[in-house]
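Peer 1: Structure provided below as structure tokens; questions to follow.
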Amino acid sequence: MTDARRELELDQTQRIARVPAVPPPRRPAPIPAAEDDATGDLGAEPRRRRPRAPRWRAAMHGAGELLVTVGLVALLFVGYEVYVTDLLNGRQQDQLSQQIHERWADAGPVPTALAPMTVAPAVGQPLAVLHLPRLGADYQRVVLEGTAEEQLADGPGHYVGTALPGQPGNLALAGHRVGKGSPFLELDRLRPGDPIVVETAQGWYVYRVLGDRRTGDVTTDPSGIPGQQIVRPTDVSVISPVPGGPATAAPAGSYLTLTTCHPRYSARQRLIVHAVLDGAGISKADAPDGPPALQER
């Protein structure tokens with residue numbers, strides 16, 4: 001190789017050596033992990049913090065939810081009281097009716113001469129069967145001795161110490177207006193002269209609502225006792241031996257008083273119906289299927 005060619009190659013090598021090397025492209029540095037403002041998760045992308053609602057708005061929202069909840073609970077309670085307890089009471093009344101009629105059948109033959117009851121059963125036990133023809137041909141409820149809620153949950157109750165069926169004095173009965181079978185739901189439909197029939201082991205007693213049968217006025221009975229009235233719950237004189245009189249008054253007739261709450265769905269007042277015994281009782285020996293008054297409407 002000639003000296004000239006050697007010098008040329010050496011000169012090219014030195015030029016290549018003097019060319020600066022091109023560095024590789026740099027990757028962007030990773031973004032450091034950050035804490036998410038909303039969730040607290042590391043590595044999550046930060047989000048904008050939402051502005052908080054005013055406290056009054058949150059309070060109103062909470063109050064609205066509370067009212068809705070209370071309304072639903074109240075609605076469920078009313079449904080239970082009106083429908084469920086009526087269904088349960090119907091079954092209980094069927095059992096009580098079977099119980100009292102079996103007891104009467106075991107008592108033996110019915111005497112021809114009917115005598116008023118003289119001894120009340122124990123509290124909670126069946127006393128009689130109440131018939132209200134005005135409220136339907138099939139209306140009948142077993143009456144229990146006692147007026148505590150335990151008895152009224154099963155049917156009408158007899159005020160302990162008041163007259164027994166057929167006796168002089170005031171046979172006083174209480175019953176629920178709404179719920180627990182609603183035995184006195186339509187008590188306000190009774191009119192002067194309407195029969196209220198009480199069935200016992202031996203016979204039937206027919207009481208008639210006081211008032212003017214011709215005009216339907218419940219306030220003009222000659223006895224001065226209204227056939228129907230609204231009173232305060234504290235007015236206990238309505239169950240006195242003579243309705244409206246003192247508790248110590250001597251009986252001056254044979255009355256029947258029905259009491260229930262008024263108005264419907266409220267216990268603010270009491271609806272009262274007074275009736276008087278219509279003649280003597282009728283023995284089941286003479287009328288096993290009941291007196292003619294049962295067919296009145």
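Labeling convention for the structure tokens: chains A, B, ... as they appear, residues from 1 per chain, ligands from 1 in order of appearance.
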Find the spatial neighbours of stretch 263-277 of chain A, counting only C-alpha atoms, within a cut-off of 7 Å - ignore same-chain residues fewer than 4 positions away - and output them as a list in words.
Peer 2: Arg177, Val178, Val206, Tyr207, Arg208, Val209, Leu210, Pro226, Gly227, Gln228, Gln229, Ile230, Val231, Arg232, Pro233, Ser254, Tyr255, Leu256, Thr257, Leu258 and Thr259 of chain A
Peer 1: DSSP on the backbone: what in stretch 71-297 of chain A comes out alpha helix (DSSP H), as a count of residues only?
Peer 2: 35
Peer 1: Looking only at strand (DSSP E) from DSSP on the backbone, list the matching residues of stretch 41-244 of chain A as number ranges by chain.
Peer 2: A: 126-131, 140-145, 157-158, 169-174, 195-199, 203-209, 228-231
Peer 1: In Å to one decimal, how far is atom CA of A:Arg191 from atom CA of A:Pro222?
Peer 2: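 Taking atom CA of A:Pro222 as the start and atom CA of A:Arg191 as the end point, the length is 15.8 Å.
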Peer 1: Give me, as a list in words, all polymer residues having an atom no more than 9 Å from A:Gly253, counting only C-alpha atoms and skipping those fewer than 2 positions away in the same chain.
Peer 2: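 The filter keeps Gln167, Pro168, Gly169, Asn170, Pro241, Val242, Pro251, Tyr255, Val276 and Leu277 of chain A.
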Peer 1: Can those selected residues be exported to a file as a short mmCIF file (atom, residue, chain, number, x, y, z; two decimals), in the first residue's frame so that it contains C-alpha atoms?
Peer 2:
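Dumped everything to part29.cif:
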data_model
loop_
_atom_site.label_atom_id
_atom_site.label_comp_id
_atom_site.auth_asym_id
_atom_site.auth_seq_id
_atom_site.Cartn_x
_atom_site.Cartn_y
_atom_site.Cartn_z
CA GLN A 167 -131.34 -8.65 85.11
CA PRO A 168 -132.59 -5.26 86.37
CA GLY A 169 -129.91 -2.64 85.93
CA ASN A 170 -127.63 -1.86 83.02
CA PRO A 241 -127.60 1.08 86.75
CA VAL A 242 -129.77 3.84 85.26
CA PRO A 251 -132.02 -0.18 89.17
CA TYR A 255 -131.14 -1.55 80.15
CA VAL A 276 -134.19 -1.15 77.11
CA LEU A 277 -135.41 -4.73 77.61
#
Peer 1: With only C-alpha atoms as the counted atoms, please give the residues lying no more than 8 Å from A:Pro165, apart from itself and same-chain residues fewer than 5 positions off, as a count of residues only.
Peer 2: 6
Peer 1: Can you pull out every residue within 12 Å of A:Asp286, counting only C-alpha atoms, but drop anything in the same chain fewer than 4 positions away, and send it as a tab-separated table (two decimals) with C-alpha atoms, in the first residue's frame?
Peer 2:
chain	number	residue	atom	x	y	z
A	110	VAL	CA	-133.30	-26.08	78.55
A	111	PRO	CA	-136.05	-25.24	81.09
A	112	THR	CA	-139.31	-23.84	79.78
A	113	ALA	CA	-139.39	-21.08	82.38
A	114	LEU	CA	-136.51	-18.74	81.57
A	202	GLN	CA	-131.29	-20.87	78.19
A	203	GLY	CA	-132.84	-18.22	75.99
A	204	TRP	CA	-132.95	-14.88	74.27
A	281	GLY	CA	-136.92	-13.26	77.86
A	282	ILE	CA	-137.79	-16.07	75.47
A	290	GLY	CA	-134.29	-17.37	68.02
A	291	PRO	CA	-137.05	-14.77	68.46
A	292	PRO	CA	-138.75	-12.97	65.54
Peer 1: Between A:Leu185, A:Gly175, A:Gly193, A:Ala250, which residue has the minimum interatomic distance to A:Asp221, considering only C-alpha atoms?
Peer 2: A:Gly193
Peer 1: As an exercise, work out the distance from atom CA of A:Leu173 to atom CA of A:Thr147 in Å and give it to one decimal place.
Peer 2: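 Going from atom CA of A:Leu173 over to atom CA of A:Thr147, I get 8.1 Å.
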Peer 1: Taking 5 positions as the minimum chain separation for residues in the same chain, which residues sit within 10 Å of A:Ala120 when counting only C-alpha atoms? Answer as a PyMOL selection string.
Peer 2: chain A and resi 125-127+145+158+160-161+163-165
Peer 1: Between A:Ala107, A:Ala153, A:Ile196, A:Met60, which is the closest to A:Leu130 once you count only C-alpha atoms?
Peer 2: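 Under the stated criterion, the closest residue is A:Ile196.
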